[in-house]
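Dropping coords24.pdb in here (PDB, C-alpha atoms and all ligand atoms):
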```
ATOM      1  CA  MET Y   1     102.629 127.090 227.636  1.00  0.00           C
ATOM      2  CA  ARG Y   2     105.151 125.762 230.160  1.00  0.00           C
ATOM      3  CA  CYS Y   3     104.941 122.671 232.415  1.00  0.00           C
ATOM      4  CA  PHE Y   4     103.683 123.575 235.885  1.00  0.00           C
ATOM      5  CA  TYR Y   5     106.365 121.320 237.404  1.00  0.00           C
ATOM      6  CA  HIS Y   6     109.247 122.211 235.041  1.00  0.00           C
ATOM      7  CA  ALA Y   7     109.452 125.921 234.272  1.00  0.00           C
ATOM      8  CA  ASN Y   8     111.958 125.241 231.465  1.00  0.00           C
ATOM      9  CA  ARG Y   9     109.904 122.641 229.573  1.00  0.00           C
ATOM     10  CA  ASP Y  10     107.016 123.011 227.178  1.00  0.00           C
ATOM     11  CA  ALA Y  11     103.736 121.509 228.298  1.00  0.00           C
ATOM     12  CA  SER Y  12     102.343 118.680 226.209  1.00  0.00           C
ATOM     13  CA  GLY Y  13      98.986 118.410 227.910  1.00  0.00           C
ATOM     14  CA  ILE Y  14      96.617 119.687 230.561  1.00  0.00           C
ATOM     15  CA  CYS Y  15      95.696 117.623 233.601  1.00  0.00           C
ATOM     16  CA  PRO Y  16      91.910 117.064 233.392  1.00  0.00           C
ATOM     17  CA  GLN Y  17      91.739 116.827 237.186  1.00  0.00           C
ATOM     18  CA  CYS Y  18      93.363 120.088 238.298  1.00  0.00           C
ATOM     19  CA  GLY Y  19      93.779 121.980 235.010  1.00  0.00           C
ATOM     20  CA  ARG Y  20      97.564 122.373 235.322  1.00  0.00           C
ATOM     21  CA  ALA Y  21      99.744 122.119 232.241  1.00  0.00           C
ATOM     22  CA  ALA Y  22     102.351 119.354 232.327  1.00  0.00           C
ATOM     23  CA  CYS Y  23     105.173 118.157 230.111  1.00  0.00           C
ATOM     24  CA  ARG Y  24     105.467 114.732 228.484  1.00  0.00           C
ATOM     25  CA  ALA Y  25     107.782 113.494 231.286  1.00  0.00           C
ATOM     26  CA  CYS Y  26     105.306 114.583 233.998  1.00  0.00           C
ATOM     27  CA  LEU Y  27     102.034 113.280 232.610  1.00  0.00           C
ATOM     28  CA  ARG Y  28     100.987 109.933 234.103  1.00  0.00           C
ATOM     29  CA  ASP Y  29      98.707 107.354 232.608  1.00  0.00           C
ATOM     30  CA  ALA Y  30      95.851 106.775 235.086  1.00  0.00           C
ATOM     31  CA  GLY Y  31      93.778 104.194 233.279  1.00  0.00           C
ATOM     32  CA  SER Y  32      91.309 106.065 231.099  1.00  0.00           C
ATOM     33  CA  ILE Y  33      92.887 109.523 231.558  1.00  0.00           C
ATOM     34  CA  VAL Y  34      96.348 111.146 231.648  1.00  0.00           C
ATOM     35  CA  ILE Y  35      96.958 113.268 234.772  1.00  0.00           C
ATOM     36  CA  CYS Y  36      99.708 115.362 236.365  1.00  0.00           C
ATOM     37  CA  PRO Y  37     102.162 113.948 238.998  1.00  0.00           C
ATOM     38  CA  ASN Y  38     100.444 115.740 241.892  1.00  0.00           C
ATOM     39  CA  CYS Y  39      97.035 114.324 241.007  1.00  0.00           C
ATOM     40  CA  ALA Y  40      98.617 110.886 240.441  1.00  0.00           C
ATOM     41  CA  ASP Y  41     100.025 110.988 244.020  1.00  0.00           C
ATOM     42  CA  LEU Y  42      96.642 112.052 245.405  1.00  0.00           C
ATOM     43  CA  ARG Y  43      95.026 109.119 243.575  1.00  0.00           C
ATOM     44  CA  ILE Y  44      97.531 106.647 245.047  1.00  0.00           C
ATOM     45  CA  LYS Y  45      96.963 108.051 248.545  1.00  0.00           C
ATOM     46  CA  ALA Y  46      93.185 107.816 248.108  1.00  0.00           C
ATOM     47  CA  THR Y  47      93.459 104.185 246.965  1.00  0.00           C
ATOM     48  CA  GLU Y  48      95.712 103.355 249.924  1.00  0.00           C
ATOM     49  CA  ALA Y  49      93.314 105.045 252.353  1.00  0.00           C
ATOM     50  CA  ALA Y  50      90.398 103.115 250.840  1.00  0.00           C
ATOM     51  CA  SER Y  51      92.182  99.775 251.188  1.00  0.00           C
ATOM     52  CA  ARG Y  52      93.245 100.657 254.746  1.00  0.00           C
ATOM     53  CA  GLN Y  53      89.623 101.480 255.533  1.00  0.00           C
ATOM     54  CA  HIS Y  54      88.575  98.180 253.970  1.00  0.00           C
ATOM     55  CA  LEU Y  55      91.093  96.302 256.149  1.00  0.00           C
ATOM     56  CA  ASN Y  56      89.895  98.160 259.265  1.00  0.00           C
ATOM     57  CA  ASP Y  57      86.276  97.293 258.468  1.00  0.00           C
ATOM     58  CA  ARG Y  58      87.204  93.631 257.982  1.00  0.00           C
ATOM     59  CA  GLN Y  59      89.137  93.591 261.256  1.00  0.00           C
ATOM     60  CA  ALA Y  60      86.177  95.163 263.073  1.00  0.00           C
ATOM     61  CA  ILE Y  61      83.872  92.386 261.804  1.00  0.00           C
ATOM     62  CA  ILE Y  62      86.424  89.711 262.839  1.00  0.00           C
ATOM     63  CA  ASN Y  63      86.894  91.246 266.319  1.00  0.00           C
ATOM     64  CA  ARG Y  64      83.141  91.520 266.858  1.00  0.00           C
ATOM     65  CA  ALA Y  65      82.623  87.858 265.905  1.00  0.00           C
ATOM     66  CA  LYS Y  66      85.459  86.752 268.225  1.00  0.00           C
ATOM     67  CA  ARG Y  67      83.973  88.788 271.088  1.00  0.00           C
ATOM     68  CA  GLN Y  68      80.508  87.268 270.558  1.00  0.00           C
ATOM     69  CA  ILE Y  69      82.006  83.752 270.496  1.00  0.00           C
ATOM     70  CA  SER Y  70      83.888  84.377 273.779  1.00  0.00           C
ATOM     71  CA  VAL Y  71      80.785  85.808 275.446  1.00  0.00           C
ATOM     72  CA  SER Y  72      78.752  82.798 274.323  1.00  0.00           C
ATOM     73  CA  HIS Y  73      81.317  80.471 275.947  1.00  0.00           C
ATOM     74  CA  VAL Y  74      81.065  82.453 279.199  1.00  0.00           C
ATOM     75  CA  VAL Y  75      77.250  82.270 278.974  1.00  0.00           C
ATOM     76  CA  PHE Y  76      77.446  78.489 278.511  1.00  0.00           C
ATOM     77  CA  ILE Y  77      79.805  77.978 281.459  1.00  0.00           C
ATOM     78  CA  ALA Y  78      77.836  80.346 283.718  1.00  0.00           C
ATOM     79  CA  ALA Y  79      74.514  78.629 282.905  1.00  0.00           C
ATOM     80  CA  PHE Y  80      76.113  75.213 283.500  1.00  0.00           C
ATOM     81  CA  ALA Y  81      77.634  76.317 286.840  1.00  0.00           C
ATOM     82  CA  LEU Y  82      74.390  77.906 288.040  1.00  0.00           C
ATOM     83  CA  SER Y  83      72.346  74.864 287.099  1.00  0.00           C
ATOM     84  CA  ALA Y  84      74.870  72.423 288.611  1.00  0.00           C
ATOM     85  CA  SER Y  85      75.025  74.363 291.873  1.00  0.00           C
ATOM     86  CA  GLY Y  86      71.219  74.483 291.978  1.00  0.00           C
ATOM     87  CA  ILE Y  87      70.987  70.724 291.491  1.00  0.00           C
ATOM     88  CA  ALA Y  88      73.727  70.173 294.104  1.00  0.00           C
ATOM     89  CA  GLY Y  89      71.765  72.428 296.496  1.00  0.00           C
ATOM     90  CA  ILE Y  90      68.592  70.392 296.015  1.00  0.00           C
ATOM     91  CA  PHE Y  91      70.571  67.209 296.633  1.00  0.00           C
ATOM     92  CA  LEU Y  92      72.206  68.555 299.797  1.00  0.00           C
ATOM     93  CA  ARG Y  93      68.885  69.726 301.268  1.00  0.00           C
ATOM     94  CA  GLY Y  94      66.970  66.599 300.142  1.00  0.00           C
ATOM     95  CA  THR Y  95      65.836  63.893 302.517  1.00  0.00           C
ATOM     96  CA  PRO Y  96      68.196  60.903 302.669  1.00  0.00           C
ATOM     97  CA  VAL Y  97      67.093  57.974 300.553  1.00  0.00           C
ATOM     98  CA  HIS Y  98      67.876  54.436 301.718  1.00  0.00           C
ATOM     99  CA  ALA Y  99      70.036  53.362 298.812  1.00  0.00           C
ATOM    100  CA  PRO Y 100      73.703  52.551 298.476  1.00  0.00           C
ATOM    101  CA  LEU Y 101      75.618  55.813 298.642  1.00  0.00           C
ATOM    102  CA  SER Y 102      77.559  55.037 295.458  1.00  0.00           C
ATOM    103  CA  ALA Y 103      74.357  54.520 293.432  1.00  0.00           C
ATOM    104  CA  HIS Y 104      72.982  57.705 294.899  1.00  0.00           C
ATOM    105  CA  ILE Y 105      76.045  59.763 294.024  1.00  0.00           C
ATOM    106  CA  SER Y 106      76.429  58.370 290.507  1.00  0.00           C
ATOM    107  CA  GLY Y 107      72.722  58.907 289.828  1.00  0.00           C
ATOM    108  CA  ILE Y 108      72.846  62.493 291.049  1.00  0.00           C
ATOM    109  CA  ALA Y 109      76.086  63.123 289.195  1.00  0.00           C
ATOM    110  CA  PHE Y 110      74.632  61.759 285.949  1.00  0.00           C
ATOM    111  CA  ASN Y 111      71.317  63.621 286.277  1.00  0.00           C
ATOM    112  CA  GLY Y 112      73.102  66.734 287.418  1.00  0.00           C
ATOM    113  CA  LEU Y 113      75.494  66.587 284.482  1.00  0.00           C
ATOM    114  CA  THR Y 114      72.882  65.931 281.782  1.00  0.00           C
ATOM    115  CA  GLY Y 115      70.446  68.404 283.374  1.00  0.00           C
ATOM    116  CA  SER Y 116      73.050  71.148 283.647  1.00  0.00           C
ATOM    117  CA  LEU Y 117      74.322  70.488 280.129  1.00  0.00           C
ATOM    118  CA  SER Y 118      70.829  70.816 278.690  1.00  0.00           C
ATOM    119  CA  VAL Y 119      70.202  74.017 280.664  1.00  0.00           C
ATOM    120  CA  ALA Y 120      73.553  75.406 279.474  1.00  0.00           C
ATOM    121  CA  TYR Y 121      72.786  74.399 275.868  1.00  0.00           C
ATOM    122  CA  SER Y 122      69.341  76.051 276.019  1.00  0.00           C
ATOM    123  CA  VAL Y 123      70.678  79.347 277.373  1.00  0.00           C
ATOM    124  CA  TRP Y 124      73.635  79.305 274.962  1.00  0.00           C
ATOM    125  CA  SER Y 125      71.484  78.592 271.907  1.00  0.00           C
ATOM    126  CA  MET Y 126      69.097  81.394 272.860  1.00  0.00           C
ATOM    127  CA  TYR Y 127      72.039  83.772 273.190  1.00  0.00           C
ATOM    128  CA  TRP Y 128      72.636  83.095 269.473  1.00  0.00           C
ATOM    129  CA  GLY Y 129      69.115  82.421 268.240  1.00  0.00           C
ATOM    130  CA  ILE Y 130      67.057  85.224 269.839  1.00  0.00           C
ATOM    131  CA  PRO Y 131      68.921  88.313 268.484  1.00  0.00           C
ATOM    132  CA  PRO Y 132      68.062  87.589 264.801  1.00  0.00           C
ATOM    133  CA  PHE Y 133      64.387  87.365 265.778  1.00  0.00           C
ATOM    134  CA  TRP Y 134      64.735  90.541 267.782  1.00  0.00           C
ATOM    135  CA  ARG Y 135      66.227  92.330 264.768  1.00  0.00           C
ATOM    136  CA  PHE Y 136      63.342  91.013 262.646  1.00  0.00           C
ATOM    137  CA  LEU Y 137      60.926  92.524 265.182  1.00  0.00           C
ATOM    138  CA  MET Y 138      62.703  95.873 265.202  1.00  0.00           C
ATOM    139  CA  ARG Y 139      62.594  95.989 261.387  1.00  0.00           C
ATOM    140  CA  ALA Y 140      58.874  95.158 261.492  1.00  0.00           C
ATOM    141  CA  ARG Y 141      58.329  97.943 264.017  1.00  0.00           C
ATOM    142  CA  ALA Y 142      60.262 100.380 261.809  1.00  0.00           C
ATOM    143  CA  ARG Y 143      58.089  99.404 258.824  1.00  0.00           C
ATOM    144  CA  MET Y 144      54.908  99.862 260.881  1.00  0.00           C
ATOM    145  CA  GLY Y 145      56.350 103.230 261.910  1.00  0.00           C
ATOM    146  CA  ILE Y 146      53.736 105.921 262.291  1.00  0.00           C
ATOM    147  CA  MET Y 147      50.898 103.370 262.395  1.00  0.00           C
ATOM    148  CA  LEU Y 148      52.003 102.485 265.931  1.00  0.00           C
ATOM    149  CA  VAL Y 149      50.384 105.693 267.210  1.00  0.00           C
ATOM    150  CA  ASN Y 150      47.182 103.686 266.837  1.00  0.00           C
ATOM    151  CA  PRO Y 151      46.650 101.638 270.056  1.00  0.00           C
ATOM    152  CA  PHE Y 152      45.060  98.788 268.076  1.00  0.00           C
ATOM    153  CA  MET Y 153      48.270  98.433 266.114  1.00  0.00           C
ATOM    154  CA  TRP Y 154      50.093  97.897 269.411  1.00  0.00           C
ATOM    155  CA  ILE Y 155      47.946  94.846 270.053  1.00  0.00           C
ATOM    156  CA  GLY Y 156      48.986  93.497 266.659  1.00  0.00           C
ATOM    157  CA  PHE Y 157      52.615  94.302 267.360  1.00  0.00           C
ATOM    158  CA  PHE Y 158      52.450  92.694 270.805  1.00  0.00           C
ATOM    159  CA  PHE Y 159      51.030  89.553 269.178  1.00  0.00           C
ATOM    160  CA  LEU Y 160      53.921  89.614 266.689  1.00  0.00           C
ATOM    161  CA  VAL Y 161      56.387  89.931 269.603  1.00  0.00           C
ATOM    162  CA  MET Y 162      54.885  86.923 271.391  1.00  0.00           C
ATOM    163  CA  VAL Y 163      54.779  84.735 268.286  1.00  0.00           C
ATOM    164  CA  SER Y 164      58.274  85.599 267.117  1.00  0.00           C
ATOM    165  CA  MET Y 165      59.789  85.192 270.604  1.00  0.00           C
ATOM    166  CA  ILE Y 166      58.250  81.723 270.936  1.00  0.00           C
ATOM    167  CA  ALA Y 167      59.388  80.904 267.394  1.00  0.00           C
ATOM    168  CA  GLY Y 168      62.832  82.318 268.296  1.00  0.00           C
ATOM    169  CA  VAL Y 169      63.152  80.080 271.352  1.00  0.00           C
ATOM    170  CA  TYR Y 170      62.192  76.907 269.438  1.00  0.00           C
ATOM    171  CA  ALA Y 171      64.296  77.773 266.413  1.00  0.00           C
ATOM    172  CA  SER Y 172      67.270  78.440 268.733  1.00  0.00           C
ATOM    173  CA  LEU Y 173      66.928  75.107 270.490  1.00  0.00           C
ATOM    174  CA  PHE Y 174      66.531  73.181 267.233  1.00  0.00           C
ATOM    175  CA  GLY Y 175      69.607  74.377 265.400  1.00  0.00           C
ATOM    176  CA  SER Y 176      69.407  78.087 264.627  1.00  0.00           C
ATOM    177  CA  GLY Y 177      71.694  78.765 267.624  1.00  0.00           C
ATOM    178  CA  ILE Y 178      74.297  76.351 266.237  1.00  0.00           C
ATOM    179  CA  PHE Y 179      73.846  77.847 262.762  1.00  0.00           C
ATOM    180  CA  GLN Y 180      74.523  81.356 264.093  1.00  0.00           C
ATOM    181  CA  TYR Y 181      77.554  80.076 266.044  1.00  0.00           C
ATOM    182  CA  ILE Y 182      79.096  78.486 262.913  1.00  0.00           C
ATOM    183  CA  LYS Y 183      78.355  81.649 260.951  1.00  0.00           C
ATOM    184  CA  ARG Y 184      80.295  83.712 263.557  1.00  0.00           C
ATOM    185  CA  TRP Y 185      83.225  81.275 263.442  1.00  0.00           C
ATOM    186  CA  LYS Y 186      83.471  81.814 259.681  1.00  0.00           C
ATOM    187  CA  LEU Y 187      83.563  85.580 260.291  1.00  0.00           C
ATOM    188  CA  ALA Y 188      86.122  85.183 263.099  1.00  0.00           C
ATOM    189  CA  VAL Y 189      88.573  83.342 260.817  1.00  0.00           C
ATOM    190  CA  GLY Y 190      88.061  85.877 258.032  1.00  0.00           C
ATOM    191  CA  ARG Y 191      86.029  83.696 255.673  1.00  0.00           C
ATOM    192  CA  PHE Y 192      83.785  86.397 254.195  1.00  0.00           C
TER
HETATM  193 ZN    ZN B 201      96.595 117.533 238.111  1.00  0.00          ZN
HETATM  194 ZN    ZN B 202     107.069 118.525 233.728  1.00  0.00          ZN
END
```
As structure tokens - that is how I would like this structure written.
Ligand SMILES: [Zn+2]
Ligand SMILES: [Zn+2]
Amino acid sequence: MRCFYHANRDASGICPQCGRAACRACLRDAGSIVICPNCADLRIKATEAASRQHLNDRQAIINRAKRQISVSHVVFIAAFALSASGIAGIFLRGTPVHAPLSAHISGIAFNGLTGSLSVAYSVWSMYWGIPPFWRFLMRARARMGIMLVNPFMWIGFFFLVMVSMIAGVYASLFGSGIFQYIKRWKLAVGRF
């Protein structure tokens, strides 16, 4: 039997992958088996494609995390601006109070700043904290599945929605929003 790749050489083995005969010079050690040069090339290409795919998947996770972080910053700024303009509007339409103007302005500025910051923090933390609760709800709904054709089950599900949304809001405000934000930062810098 002759080598498939060298017509003038005797084969010293058969490639277990494609069944072609190959000479001693052609056969390649591929870990647990010995294969022909063509199959060895295919293996290398497959490994490269797999690692490229892995890199693409990683990059997609990093890009998604970066996008979510940017959006959350926009949400924070927008909520702050809306709240601050609302407070400024109330101040401008309010009746004049007989107090030194400077005290008035500094008081409004301080209240406006702290008020707007807390509004912005609340909205921002819910941007991060509500989605995990929402996903929990959707998984619960998927598990309930066919049972939801029963109208009484909808009452139960509605109750679950109310409870988990309220829980989601409180959890967001008291740290789960910050936790989610830090988690995304770790993803964004590739620490996973
Ligand atoms: Zn082969
Ligand atoms: Zn050969």
**OP:** Would you mind telling me which residue in Y:Ile146, Y:Val119, Y:Ala188, Y:Val34 lies nearest to ligand ZN 201 (chain B) when using all atoms listed in the file?
**Re:**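 Among the listed residues, the smallest separation from ligand ZN 201 (chain B) belongs to Y:Val34.
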Subject >> Output of the PyMOL selection byres (((chain Y and resi 18-26) around 12) and not hetatm), listed as a list of chain:residue names >> reply: Y:Met1, Y:Arg2, Y:Cys3, Y:Phe4, Y:Tyr5, Y:His6, Y:Ala7, Y:Asn8, Y:Arg9, Y:Asp10, Y:Ala11, Y:Ser12, Y:Gly13, Y:Ile14, Y:Cys15, Y:Pro16, Y:Gln17, Y:Leu27, Y:Arg28, Y:Asp29, Y:Val34, Y:Ile35, Y:Cys36, Y:Pro37, Y:Asn38, Y:Cys39, Y:Ala40, Y:Asp41, Y:Leu42
Subject >> Residues near segment 167-176 of chain Y, cut-off 9 Å, only C-alpha atoms, skip fewer than 5 positions along chain, as a VMD selection string >> reply: chain Y and resid 121 to 134 162 181
Original post:
Looking at only C-alpha atoms, which of Y:Ala142, Y:Ile155, Y:Ala30, Y:Leu82 is the one that sits closest to Leu113 of chain Y?
Top reply: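 Among the listed residues, Y:Leu82 lies closest to Leu113 of chain Y.
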Any chance you could resolve the PyMOL selection byres (((chain Y and resi 112) around 10) and not hetatm) against this file and give the residues as a PDB file with C-alpha atoms, keeping the file's coordinate frame?
```pdb
ATOM      1  CA  PHE Y  80      76.113  75.213 283.500  1.00  0.00           C
ATOM      2  CA  SER Y  83      72.346  74.864 287.099  1.00  0.00           C
ATOM      3  CA  ALA Y  84      74.870  72.423 288.611  1.00  0.00           C
ATOM      4  CA  SER Y  85      75.025  74.363 291.873  1.00  0.00           C
ATOM      5  CA  GLY Y  86      71.219  74.483 291.978  1.00  0.00           C
ATOM      6  CA  ILE Y  87      70.987  70.724 291.491  1.00  0.00           C
ATOM      7  CA  ALA Y  88      73.727  70.173 294.104  1.00  0.00           C
ATOM      8  CA  PHE Y  91      70.571  67.209 296.633  1.00  0.00           C
ATOM      9  CA  SER Y 106      76.429  58.370 290.507  1.00  0.00           C
ATOM     10  CA  GLY Y 107      72.722  58.907 289.828  1.00  0.00           C
ATOM     11  CA  ILE Y 108      72.846  62.493 291.049  1.00  0.00           C
ATOM     12  CA  ALA Y 109      76.086  63.123 289.195  1.00  0.00           C
ATOM     13  CA  PHE Y 110      74.632  61.759 285.949  1.00  0.00           C
ATOM     14  CA  ASN Y 111      71.317  63.621 286.277  1.00  0.00           C
ATOM     15  CA  LEU Y 113      75.494  66.587 284.482  1.00  0.00           C
ATOM     16  CA  THR Y 114      72.882  65.931 281.782  1.00  0.00           C
ATOM     17  CA  GLY Y 115      70.446  68.404 283.374  1.00  0.00           C
ATOM     18  CA  SER Y 116      73.050  71.148 283.647  1.00  0.00           C
ATOM     19  CA  LEU Y 117      74.322  70.488 280.129  1.00  0.00           C
ATOM     20  CA  SER Y 118      70.829  70.816 278.690  1.00  0.00           C
TER      21      SER Y 118
END
```
Original post:
So which residues touch Arg64 of chain Y within 9 Å, counting only C-alpha atoms, skipping near sequence neighbours fewer than 4 positions away, as number ranges by chain?
Top reply: Y: 59-60, 68-69, 184, 187-188
**OP:** Could you please determine the separation between atom CA of Arg141 of chain Y and atom CA of Gln180 of chain Y in Å, to one decimal place?
**Re:** 23.2 Å
Original post:
Which of these residues is nearest to Ser70 of chain Y, using all atoms listed in the file: Y:Phe179, Y:Phe158, Y:Trp185, Y:Phe192?
Top reply: Y:Trp185
Original post:
Which distance in Å separates atom CA of Phe159 of chain Y and atom CA of Gly177 of chain Y, to one decimal?
Top reply: 23.4 Å
Original post:
Interatomic distance between atom CA of Ile33 of chain Y and atom CA of Thr47 of chain Y?
Top reply: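 That distance, rounded to one decimal, is 16.3 Å.
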